[in-house]
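Novice: My structure is stored as work.cif, with mmCIF, C-alpha atoms.
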```cif
data_target
loop_
_atom_site.label_atom_id
_atom_site.label_comp_id
_atom_site.auth_asym_id
_atom_site.auth_seq_id
_atom_site.Cartn_x
_atom_site.Cartn_y
_atom_site.Cartn_z
CA MET M 1 228.48 46.80 -36.07
CA CYS M 2 231.05 47.37 -38.79
CA LEU M 3 230.99 43.71 -39.76
CA ALA M 4 230.16 43.37 -43.43
CA ILE M 5 229.24 40.20 -45.25
CA PRO M 6 230.12 39.41 -48.87
CA MET M 7 227.16 38.42 -51.05
CA GLU M 8 226.67 37.57 -54.70
CA VAL M 9 224.27 39.73 -56.68
CA VAL M 10 221.55 37.56 -58.20
CA ALA M 11 219.26 40.16 -59.74
CA ILE M 12 218.94 43.94 -59.78
CA ASP M 13 215.81 46.06 -59.79
CA GLY M 14 216.69 49.75 -59.71
CA MET M 15 218.49 50.44 -56.44
CA ALA M 16 217.52 47.10 -54.95
CA ALA M 17 219.44 43.92 -55.49
CA ARG M 18 218.61 40.38 -54.60
CA CYS M 19 221.81 38.97 -53.14
CA ARG M 20 222.81 35.52 -52.04
CA ALA M 21 225.31 34.05 -49.62
CA LYS M 22 225.40 30.55 -48.20
CA GLY M 23 222.11 29.72 -49.85
CA ILE M 24 220.33 32.62 -48.15
CA GLU M 25 218.85 35.42 -50.25
CA ARG M 26 218.35 38.98 -49.04
CA GLN M 27 217.23 42.28 -50.48
CA VAL M 28 220.20 44.65 -50.46
CA SER M 29 220.24 48.35 -51.25
CA LEU M 30 222.68 49.54 -53.89
CA PHE M 31 222.04 53.16 -52.95
CA LEU M 32 225.58 53.61 -51.60
CA LEU M 33 227.14 52.10 -54.75
CA GLN M 34 225.66 54.53 -57.24
CA ASP M 35 229.07 55.50 -58.60
CA GLU M 36 229.93 51.92 -59.55
CA PRO M 37 228.30 49.74 -62.15
CA VAL M 38 226.95 46.63 -60.43
CA ALA M 39 225.67 43.62 -62.37
CA ALA M 40 224.27 40.21 -61.58
CA GLY M 41 227.15 37.88 -60.76
CA ASP M 42 229.16 40.60 -59.01
CA PHE M 43 230.10 40.25 -55.34
CA VAL M 44 229.44 43.06 -52.89
CA MET M 45 230.24 43.67 -49.21
CA VAL M 46 226.96 44.16 -47.41
CA HIS M 47 226.72 46.09 -44.16
CA VAL M 48 223.36 46.59 -42.39
CA GLY M 49 221.51 45.84 -45.62
CA TYR M 50 223.56 48.19 -47.80
CA ALA M 51 226.27 47.24 -50.27
CA ILE M 52 229.30 49.38 -49.35
CA GLN M 53 231.81 48.15 -51.94
CA LYS M 54 232.30 45.64 -54.73
CA VAL M 55 234.68 42.77 -54.01
CA THR M 56 236.34 40.08 -56.04
CA PRO M 57 235.05 36.50 -55.74
CA GLN M 58 238.37 35.59 -54.05
CA GLU M 59 237.95 38.29 -51.42
CA ALA M 60 234.38 37.14 -50.85
CA ARG M 61 235.59 33.60 -50.27
CA SER M 62 238.32 34.54 -47.81
CA ALA M 63 235.88 36.75 -45.91
CA TRP M 64 233.44 33.87 -45.71
CA GLU M 65 236.10 31.55 -44.36
CA LEU M 66 236.72 34.11 -41.63
CA TYR M 67 233.03 34.39 -40.78
CA ASP M 68 232.61 30.64 -40.61
CA GLU M 69 235.38 30.58 -38.00
CA MET M 70 233.84 33.55 -36.25
CA LEU M 71 230.41 31.94 -36.04
CA ALA M 72 231.95 28.79 -34.60
CA PHE M 73 233.87 30.96 -32.15
CA ARG M 74 230.77 32.85 -31.09
CA SER M 75 228.68 29.77 -30.48
CA GLU M 76 231.53 28.29 -28.44
CA GLY M 77 231.71 31.51 -26.48
CA SER M 78 228.02 31.62 -25.68
CA HIS M 79 227.88 28.00 -24.60
CA ALA M 80 230.95 28.06 -22.43
CA MET L 81 249.32 35.19 -51.07
CA THR L 82 251.28 35.38 -47.85
CA THR L 83 249.65 33.32 -45.11
CA ALA L 84 249.07 34.40 -41.53
CA GLN L 85 251.83 32.05 -40.37
CA GLN L 86 254.30 33.52 -42.86
CA TRP L 87 253.47 37.02 -41.65
CA LEU L 88 253.92 35.87 -38.04
CA ASP L 89 257.31 34.37 -38.93
CA ARG L 90 258.33 37.68 -40.44
CA ILE L 91 257.24 39.48 -37.28
CA SER L 92 259.19 37.01 -35.13
CA ALA L 93 262.28 37.72 -37.22
CA LEU L 94 262.08 41.44 -36.51
CA ARG L 95 264.52 42.80 -33.95
CA LEU L 96 262.53 45.10 -31.73
CA PRO L 97 264.69 47.75 -30.06
CA ARG L 98 262.08 48.15 -27.30
CA PRO L 99 258.54 47.01 -26.51
CA PHE L 100 255.85 48.47 -28.78
CA LYS L 101 252.17 48.93 -28.20
CA VAL L 102 249.82 48.87 -31.19
CA MET L 103 246.23 50.09 -30.94
CA ASN L 104 243.28 48.94 -33.03
CA VAL L 105 240.09 50.98 -33.19
CA CYS L 106 237.56 48.52 -34.51
CA GLY L 107 235.48 45.93 -32.69
CA GLY L 108 235.72 43.68 -35.75
CA HIS L 109 239.51 43.81 -35.59
CA GLU L 110 239.49 43.06 -31.88
CA ARG L 111 237.20 40.09 -32.46
CA SER L 112 239.51 38.66 -35.14
CA ILE L 113 242.56 39.23 -32.92
CA ALA L 114 240.91 37.53 -29.94
CA MET L 115 239.52 34.71 -32.05
CA ALA L 116 242.84 33.95 -33.73
CA GLY L 117 244.63 34.01 -30.37
CA LEU L 118 246.95 36.54 -31.94
CA ARG L 119 248.21 38.03 -28.67
CA ARG L 120 249.55 34.66 -27.57
CA ALA L 121 251.12 34.00 -30.98
CA LEU L 122 253.14 37.23 -31.04
CA PRO L 123 256.70 37.40 -29.76
CA PRO L 124 257.26 39.22 -26.46
CA GLY L 125 257.49 42.98 -26.62
CA ILE L 126 254.43 43.53 -28.82
CA GLU L 127 251.23 44.59 -27.12
CA LEU L 128 247.91 44.90 -28.95
CA VAL L 129 245.47 47.19 -27.22
CA PRO L 130 241.83 47.65 -28.23
CA GLY L 131 240.90 51.34 -28.49
CA PRO L 132 237.75 53.25 -29.43
CA GLY L 133 236.10 50.66 -31.68
CA CYS L 134 232.63 50.27 -30.26
CA PRO L 135 229.98 52.85 -31.16
CA VAL L 136 227.43 51.35 -28.78
CA CYS L 137 229.89 51.71 -25.90
CA VAL L 138 230.32 55.45 -26.43
CA CYS L 139 226.71 56.24 -27.33
CA PRO L 140 225.73 59.00 -24.89
CA GLU L 141 223.91 57.74 -21.83
CA GLU L 142 221.51 60.67 -22.25
CA ALA L 143 220.58 59.45 -25.75
CA VAL L 144 219.77 55.96 -24.46
CA TYR L 145 217.71 57.55 -21.67
CA GLN L 146 215.90 59.70 -24.26
CA ALA L 147 215.14 56.61 -26.39
CA ILE L 148 213.72 54.81 -23.35
CA ARG L 149 211.52 57.81 -22.52
CA LEU L 150 210.33 58.08 -26.14
CA ALA L 151 209.23 54.45 -26.03
CA LEU L 152 207.49 54.82 -22.68
CA SER L 153 206.21 58.40 -22.43
CA GLU L 154 205.69 59.30 -26.09
CA LYS L 155 204.41 55.86 -27.05
CA VAL L 156 206.45 55.73 -30.23
CA ILE L 157 207.62 52.53 -31.85
CA LEU L 158 211.30 52.67 -31.03
CA VAL L 159 213.57 50.71 -33.37
CA ALA L 160 217.29 50.27 -32.80
CA PHE L 161 220.16 47.97 -33.71
CA GLY L 162 219.93 44.95 -31.42
CA ASP L 163 223.14 45.84 -29.56
CA MET L 164 221.52 48.94 -28.09
CA LEU L 165 218.70 47.18 -26.30
CA ARG L 166 220.60 46.05 -23.22
CA VAL L 167 222.75 49.16 -22.76
CA PRO L 168 222.04 50.41 -19.23
CA VAL L 169 221.38 53.98 -18.14
CA ASN L 170 221.88 55.33 -14.64
CA VAL L 171 218.56 55.40 -12.83
CA PRO L 172 217.61 54.53 -9.26
CA LYS L 173 217.10 50.84 -8.53
CA GLY L 174 213.72 49.58 -9.67
CA GLU L 175 213.38 52.10 -12.50
CA ILE L 176 213.61 51.09 -16.15
CA ARG L 177 217.27 51.09 -17.11
CA SER L 178 217.40 49.79 -20.68
CA LEU L 179 215.35 49.59 -23.86
CA GLU L 180 214.92 45.89 -23.17
CA GLU L 181 213.33 46.69 -19.82
CA ALA L 182 211.22 49.36 -21.51
CA ARG L 183 209.89 46.69 -23.84
CA ALA L 184 209.13 44.37 -20.92
CA ALA L 185 207.23 47.27 -19.33
CA GLY L 186 204.99 47.60 -22.38
CA GLY L 187 207.00 49.97 -24.55
CA GLU L 188 207.18 49.06 -28.22
CA VAL L 189 210.87 48.49 -28.83
CA LEU L 190 211.97 46.52 -31.87
CA PRO L 191 215.49 45.38 -32.71
CA ILE L 192 216.45 45.82 -36.36
CA ALA L 193 219.44 44.75 -38.42
CA SER L 194 219.15 47.35 -41.19
CA PRO L 195 217.85 50.90 -41.70
CA ARG L 196 215.64 49.38 -44.41
CA GLU L 197 213.71 47.55 -41.69
CA ALA L 198 213.01 50.88 -39.98
CA VAL L 199 211.43 52.10 -43.21
CA GLU L 200 209.34 48.94 -43.55
CA ILE L 201 208.12 49.17 -39.95
CA ALA L 202 207.12 52.80 -40.51
CA ARG L 203 205.26 51.85 -43.71
CA TYR L 204 203.31 49.08 -41.99
CA ASN L 205 202.42 51.36 -39.07
CA ARG L 206 201.28 54.52 -40.84
CA ASP L 207 199.15 55.56 -37.87
CA ARG L 208 202.09 55.35 -35.48
CA ARG L 209 205.19 57.42 -34.97
CA VAL L 210 208.39 55.43 -35.42
CA VAL L 211 211.77 56.56 -34.09
CA PHE L 212 214.98 54.92 -35.33
CA PHE L 213 217.63 55.23 -32.62
CA ALA L 214 220.76 55.04 -34.77
CA ALA L 215 224.13 54.67 -33.09
CA GLY L 216 227.15 53.77 -35.17
CA PHE L 217 230.42 54.79 -36.73
CA GLU L 218 230.76 55.99 -40.32
CA THR L 219 230.17 52.51 -41.80
CA THR L 220 226.73 52.39 -40.19
CA THR L 221 225.90 56.09 -40.39
CA ALA L 222 226.35 56.18 -44.18
CA PRO L 223 223.50 53.67 -44.67
CA VAL L 224 221.35 55.81 -42.35
CA ALA L 225 222.11 58.78 -44.61
CA ALA L 226 221.26 56.66 -47.66
CA MET L 227 217.96 55.68 -46.09
CA LEU L 228 217.02 59.34 -45.63
CA MET L 229 218.22 60.31 -49.10
CA GLU L 230 216.16 57.58 -50.66
CA GLY L 231 213.09 58.91 -48.90
CA VAL L 232 211.30 57.69 -45.79
CA PRO L 233 207.67 57.80 -44.64
CA ASP L 234 206.55 60.96 -42.80
CA ASN L 235 206.05 59.00 -39.57
CA LEU L 236 209.70 57.93 -39.37
CA SER L 237 212.32 60.00 -37.59
CA VAL L 238 215.90 59.36 -36.54
CA LEU L 239 217.46 59.81 -33.12
CA LEU L 240 221.01 59.99 -34.40
CA ALA L 241 224.09 59.03 -32.38
CA GLY L 242 226.50 58.69 -35.31
CA ARG L 243 230.16 59.07 -34.47
CA ARG L 244 233.36 59.55 -36.46
CA THR L 245 236.28 57.32 -35.54
CA TRP L 246 239.36 59.35 -36.36
CA PRO L 247 238.63 62.36 -34.08
CA ALA L 248 238.75 60.01 -31.06
CA VAL L 249 242.19 58.83 -32.16
CA ALA L 250 243.22 62.43 -32.77
CA MET L 251 242.11 63.28 -29.23
CA LEU L 252 244.24 60.45 -27.83
CA LEU L 253 247.24 61.53 -29.89
CA GLU L 254 246.86 65.12 -28.76
CA SER L 255 246.67 64.07 -25.12
CA GLU L 256 249.88 63.88 -23.12
CA THR L 257 249.71 60.09 -22.97
CA PRO L 258 248.39 58.59 -26.21
CA GLY L 259 249.26 55.14 -24.86
CA PHE L 260 250.29 53.54 -28.15
CA ASP L 261 253.20 53.56 -30.58
CA ALA L 262 251.38 52.59 -33.77
CA LEU L 263 247.85 52.28 -35.12
CA VAL L 264 245.94 49.63 -37.02
CA ALA L 265 243.25 51.69 -38.77
CA PRO L 266 239.72 50.32 -39.31
CA GLY L 267 238.95 48.49 -42.57
CA HIS L 268 235.31 49.22 -43.24
CA VAL L 269 235.36 52.79 -41.95
CA SER L 270 238.17 53.33 -44.47
CA THR L 271 236.23 51.49 -47.18
CA VAL L 272 233.51 54.11 -46.86
CA MET L 273 235.49 57.24 -45.93
CA GLY L 274 238.78 56.54 -47.68
CA PRO L 275 242.13 55.70 -46.08
CA GLU L 276 243.25 59.35 -46.35
CA GLU L 277 241.36 60.17 -43.16
CA TRP L 278 244.10 58.37 -41.24
CA ALA L 279 247.03 60.13 -42.91
CA PHE L 280 247.20 62.63 -40.03
CA VAL L 281 248.43 59.85 -37.74
CA PRO L 282 251.85 59.49 -39.39
CA GLU L 283 251.97 62.99 -40.88
CA ARG L 284 251.03 65.06 -37.85
CA HIS L 285 252.01 62.74 -35.02
CA GLY L 286 254.83 60.63 -36.44
CA ILE L 287 252.94 57.45 -35.55
CA PRO L 288 252.98 54.53 -38.04
CA ALA L 289 249.56 53.43 -39.27
CA ALA L 290 248.16 50.70 -41.49
CA VAL L 291 244.60 50.02 -42.58
CA ALA L 292 243.68 46.37 -42.04
CA GLY L 293 240.93 44.03 -43.12
CA PHE L 294 239.45 41.39 -40.89
CA THR L 295 241.26 38.19 -41.78
CA ALA L 296 244.25 37.14 -39.70
CA GLU L 297 246.44 37.62 -42.80
CA SER L 298 245.39 41.23 -43.28
CA LEU L 299 245.65 42.09 -39.58
CA ILE L 300 249.08 40.53 -39.16
CA ALA L 301 250.27 42.15 -42.40
CA ALA L 302 249.20 45.53 -40.97
CA LEU L 303 250.95 44.74 -37.72
CA HIS L 304 254.10 43.78 -39.60
CA SER L 305 253.92 47.03 -41.55
CA VAL L 306 253.70 49.28 -38.49
CA LEU L 307 256.38 47.33 -36.59
CA ARG L 308 258.76 47.65 -39.53
CA GLN L 309 258.03 51.35 -39.69
CA LEU L 310 258.81 51.66 -35.98
CA ILE L 311 262.06 49.75 -36.32
CA GLU L 312 263.16 51.67 -39.38
CA GLY L 313 262.21 54.97 -37.80
CA CYS L 314 259.94 56.01 -40.63
CA CYS L 315 256.22 56.34 -40.72
CA PHE L 316 253.52 56.40 -43.36
CA LEU L 317 249.97 55.20 -43.86
CA ASP L 318 249.96 51.68 -45.29
CA ASN L 319 246.91 50.00 -46.80
CA CYS L 320 246.75 46.29 -46.06
CA TYR L 321 243.13 45.98 -47.21
CA PRO L 322 243.39 47.24 -50.81
CA GLU L 323 240.67 44.86 -51.99
CA LEU L 324 238.08 47.10 -50.36
CA VAL L 325 239.86 50.26 -49.30
CA ARG L 326 240.39 52.47 -52.31
CA PRO L 327 241.64 56.02 -52.58
CA GLY L 328 238.83 58.38 -51.66
CA GLY L 329 236.72 55.56 -50.25
CA ASN L 330 233.18 55.15 -51.49
CA SER L 331 232.41 58.46 -53.21
CA ALA L 332 228.63 57.95 -53.34
CA ALA L 333 228.50 57.09 -49.63
CA ARG L 334 230.55 60.14 -48.67
CA ARG L 335 228.39 62.38 -50.84
CA GLN L 336 225.23 61.10 -49.19
CA LEU L 337 226.64 61.45 -45.70
CA ASP L 338 227.53 65.03 -46.49
CA ALA L 339 224.15 65.80 -48.05
CA VAL L 340 222.17 64.48 -45.09
CA MET L 341 224.39 65.21 -42.12
CA GLU L 342 226.77 67.79 -40.83
CA VAL L 343 229.78 67.20 -38.64
CA VAL L 344 229.34 68.42 -35.07
CA ASP L 345 231.15 68.24 -31.75
CA ALA L 346 229.79 65.19 -29.98
CA ASN L 347 229.63 63.61 -26.58
CA TRP L 348 231.17 60.18 -25.97
CA ARG L 349 229.86 58.36 -22.95
CA GLY L 350 232.19 58.58 -19.99
CA ILE L 351 234.73 60.46 -22.10
CA GLY L 352 233.14 63.82 -22.86
CA VAL L 353 232.83 66.02 -25.91
CA ILE L 354 235.27 65.32 -28.73
CA PRO L 355 235.50 68.07 -31.38
CA ALA L 356 234.04 67.24 -34.81
CA SER L 357 233.39 63.65 -33.78
CA GLY L 358 229.68 63.33 -34.49
CA PHE L 359 226.97 63.67 -37.08
CA ALA L 360 223.73 65.67 -36.87
CA LEU L 361 220.92 65.80 -39.43
CA ARG L 362 220.97 68.85 -41.65
CA GLU L 363 218.18 71.43 -41.61
CA ALA L 364 216.67 69.96 -44.79
CA PHE L 365 215.93 66.75 -42.86
CA ARG L 366 214.46 68.43 -39.79
CA ALA L 367 211.09 66.75 -40.41
CA HIS L 368 212.82 63.45 -39.65
CA ASP L 369 215.01 64.64 -36.79
CA ALA L 370 213.76 63.12 -33.54
CA THR L 371 215.77 65.62 -31.49
CA ARG L 372 213.57 68.40 -32.96
CA LEU L 373 210.28 66.51 -33.02
CA TYR L 374 210.13 65.33 -29.43
CA PRO L 375 210.57 66.99 -26.06
CA SER L 376 213.89 66.42 -24.39
CA PHE L 377 213.68 64.22 -21.32
CA ALA L 378 217.08 65.40 -20.13
CA ASP L 379 216.92 65.87 -16.39
CA ALA L 380 219.76 67.79 -14.80
CA ALA L 381 218.84 66.31 -11.43
CA ARG L 382 219.22 62.72 -12.60
CA LYS L 383 222.19 61.22 -10.81
CA ARG L 384 225.21 60.17 -12.92
CA ALA L 385 223.49 61.31 -16.14
CA GLY L 386 225.92 60.85 -19.02
CA GLN L 387 228.33 58.70 -17.06
CA MET L 388 229.17 55.04 -17.15
CA PRO L 389 227.44 52.90 -14.49
CA PRO L 390 229.01 53.11 -11.00
CA GLY L 391 232.25 51.13 -10.76
CA CYS L 392 232.32 50.46 -14.52
CA ASP L 393 235.61 51.25 -16.21
CA CYS L 394 234.26 51.09 -19.79
CA ALA L 395 235.45 54.58 -20.65
CA ARG L 396 239.08 53.70 -19.90
CA VAL L 397 238.68 50.42 -21.76
CA VAL L 398 237.36 52.32 -24.80
CA LEU L 399 240.33 54.68 -24.69
CA GLY L 400 242.79 51.79 -24.41
CA ARG L 401 243.97 53.06 -21.02
CA ILE L 402 243.31 49.66 -19.45
CA TYR L 403 242.61 46.19 -20.77
CA PRO L 404 239.11 44.76 -20.22
CA ASP L 405 240.23 42.35 -17.51
CA GLU L 406 241.75 45.20 -15.53
CA CYS L 407 238.29 46.52 -14.64
CA VAL L 408 237.43 45.37 -11.12
CA LEU L 409 233.93 44.39 -12.21
CA TYR L 410 235.10 42.19 -15.11
CA GLY L 411 233.99 38.60 -14.68
CA ARG L 412 232.62 39.35 -11.22
CA ALA L 413 229.62 41.69 -11.23
CA CYS L 414 229.92 42.15 -15.00
CA THR L 415 229.47 39.25 -17.42
CA PRO L 416 227.52 39.01 -20.70
CA ARG L 417 224.62 37.52 -18.74
CA THR L 418 224.54 40.41 -16.27
CA PRO L 419 226.41 43.22 -18.03
CA VAL L 420 227.10 46.33 -15.98
CA GLY L 421 228.59 48.49 -18.72
CA PRO L 422 228.13 48.82 -22.47
CA CYS L 423 231.52 47.22 -23.26
CA MET L 424 230.11 43.92 -21.95
CA VAL L 425 226.79 44.42 -23.78
CA SER L 426 227.84 45.08 -27.35
CA ASP L 427 229.27 42.46 -29.68
CA GLU L 428 231.89 45.09 -30.50
CA GLY L 429 232.70 45.92 -26.88
CA ALA L 430 236.20 44.82 -25.90
CA CYS L 431 234.95 43.28 -22.64
CA ARG L 432 232.36 41.16 -24.42
CA ILE L 433 234.92 40.05 -27.01
CA TRP L 434 237.51 39.14 -24.39
CA TRP L 435 234.90 37.21 -22.44
CA SER L 436 233.90 35.29 -25.58
CA SER L 437 237.54 34.48 -26.26
CA GLY L 438 237.82 32.79 -22.87
CA VAL L 439 239.15 35.49 -20.55
CA ARG L 440 236.90 34.88 -17.57
CA THR L 441 238.48 36.59 -14.60
CA ALA L 442 239.69 40.05 -13.78
CA ARG L 443 243.35 40.26 -12.97
CA LYS L 444 245.58 42.78 -11.40
CA ARG L 445 247.73 44.08 -14.17
CA VAL L 446 249.54 47.34 -14.42
CA LEU L 447 250.03 48.63 -17.93
CA GLU L 448 253.51 49.62 -18.83
CA PRO L 449 253.60 53.23 -19.84
CA SER L 450 254.16 53.66 -23.53
CA ALA L 451 257.81 54.18 -24.32
CA SER L 452 257.06 56.93 -26.80
#
```
Go through the file and emit its structure as structure tokens.
Specialist:
Amino acid sequence: MCLAIPMEVVAIDGMAARCRAKGIERQVSLFLLQDEPVAAGDFVMVHVGYAIQKVTPQEARSAWELYDEMLAFRSEGSHA
Amino acid sequence: MTTAQQWLDRISALRLPRPFKVMNVCGGHERSIAMAGLRRALPPGIELVPGPGCPVCVCPEEAVYQAIRLALSEKVILVAFGDMLRVPVNVPKGEIRSLEEARAAGGEVLPIASPREAVEIARYNRDRRVVFFAAGFETTTAPVAAMLMEGVPDNLSVLLAGRRTWPAVAMLLESETPGFDALVAPGHVSTVMGPEEWAFVPERHGIPAAVAGFTAESLIAALHSVLRQLIEGCCFLDNCYPELVRPGGNSAARRQLDAVMEVVDANWRGIGVIPASGFALREAFRAHDATRLYPSFADAARKRAGQMPPGCDCARVVLGRIYPDECVLYGRACTPRTPVGPCMVSDEGACRIWWSSGVRTARKRVLEPSAS
């Protein structure tokens, strides 16, 4: 449950951000990131719909590589 | 950047004076370790043991039972993270033993992926009472606190089973047999709470510790750090996930947790009460506290209340006392299709992760006692 997914902030409206990853857009709450300035174009780690920390684009990419492997691993696991 | 292979080469070059056992306390770490086949890639003499890293696994059986009764007897809309739905309680054969079965029996039970969905469901169902059964460690409990801080509809309440990770590790370290020589500390718990929470491990117990992220590189770097500490006979708290884990953690998240919840002694399924290991809603949020709003369905006469299912060794798996495949039920009576215990239900349960990584049969294996 502690898995977090990096997403790119597309637009911000108050405490809500529209974020994108892998072509999918989601509403994400910025309520837990009130102490940090967040702007469109930033990357954030999203856990259960809440951004928990800002990340660099590089960190977002390496996390996504991991999750791609993990998704492949999970589907293998469930079909085996 | 140092690659996973380079880190592994560095580990292979280390001269270990004796075998070492390293514990991780995060289901995400265990999944990465299993997925990367890290145990097989390590030189002999290094054991990686999964410890308390699965909040669903330790969620009190009584709380799951209460959630089932709320869905059935109180006719609430019960929402919970998907992992919780198949967690079994101990009831006589034929009775409803999980939230999933409660839903099949006509109870309104909805899986959600975010606290924000709980709010939306409550808004769309103004004439209904909605209870959010929220189990999780700090990373998940902070968003629950944020949800309440932001304001929720009157008809939404929370049945909270939030747990803190480090007190479980402290309990192990204070026991006579901690069972590990070094600790890989959880990355996203530390992102929220700050790495300092884990400083007691080296400072009070002389046990090396390193915070790790979830890539193989970060995990193996953390492993290398604690092994070097062991060899050199020093110990400190290393941070191998500095991209996310900053001093003090996420200050806004910690502030909100503190504003909404207080730290309390809490029950861990099959393990018992661990001091200061749980969260409870503060008085100011009593109007949204399901433990105050609804009758307790606790029944002292219910057999095995609070325990793991009969024969299930989940509690010892959670504590790192045994490996998943040392449970006699593993791969026999207990598989992801027919899980007996919560460790085979949750995506963060060590049994489920080991099964997914291809370990399909239980084996007789006696753990070497820790050399420390």
Novice: Here's a test: counting only C-alpha atoms, identify every protein, DNA and RNA residue with an atom at most 7 Å from (218.1, 47.9, -48.6) in the file's coordinate frame, and state them as a PDB file with C-alpha atoms, in the frame of the given file.
Specialist:
```
ATOM      1  CA  ALA M  16     217.520  47.100 -54.950  1.00  0.00           C
ATOM      2  CA  GLN M  27     217.230  42.280 -50.480  1.00  0.00           C
ATOM      3  CA  VAL M  28     220.200  44.650 -50.460  1.00  0.00           C
ATOM      4  CA  SER M  29     220.240  48.350 -51.250  1.00  0.00           C
ATOM      5  CA  GLY M  49     221.510  45.840 -45.620  1.00  0.00           C
ATOM      6  CA  TYR M  50     223.560  48.190 -47.800  1.00  0.00           C
TER       7      TYR M  50
ATOM      8  CA  ARG L 196     215.640  49.380 -44.410  1.00  0.00           C
TER       9      ARG L 196
END
```
Novice: Go through L:Leu240, L:Cys407, L:Met103, L:Leu253 and flag the residue nearest Ala147 (chain L), using only C-alpha atoms for the distances.
Specialist: L:Leu240
Novice: For each of M:Ala72, M:Val9, M:Leu30, M:Val48, take the minimum atom-to-atom distance to chain L, counting all atoms listed in the file, then give the residue where this is smallest.
Specialist: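 Ranking M:Ala72, M:Val9, M:Leu30, M:Val48 by distance to chain L, first place goes to M:Val48.
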Novice: I need the chain L residues near chain M as a PyMOL selection string; criterion: at most 6 Å, counting only C-alpha atoms.
Specialist: chain L and resi 193-194+332-333+436
Novice: Counting only C-alpha atoms, which residue out of L:Ala279, L:Arg396, L:Phe377, L:Ser112 sits closest to Ser298 (chain L)?
Specialist: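 Looking at the shortest contact to Ser298 (chain L), the residue is L:Ser112.
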Novice: Around (208.1, 65.9, -32.4) in the file's own coordinates, what residues are found within 12 Å if you use all atoms listed in the file, given back as a list in words?
Specialist: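 Every polymer residue passing the test: Leu150, Glu154, Lys155, Val156, Arg209, Val210, Val211, Asp234, Asn235, Leu236, Ser237, Val238, Leu239, Arg366, Ala367, His368, Asp369, Ala370, Thr371, Arg372, Leu373, Tyr374, Pro375 and Ser376 of chain L.
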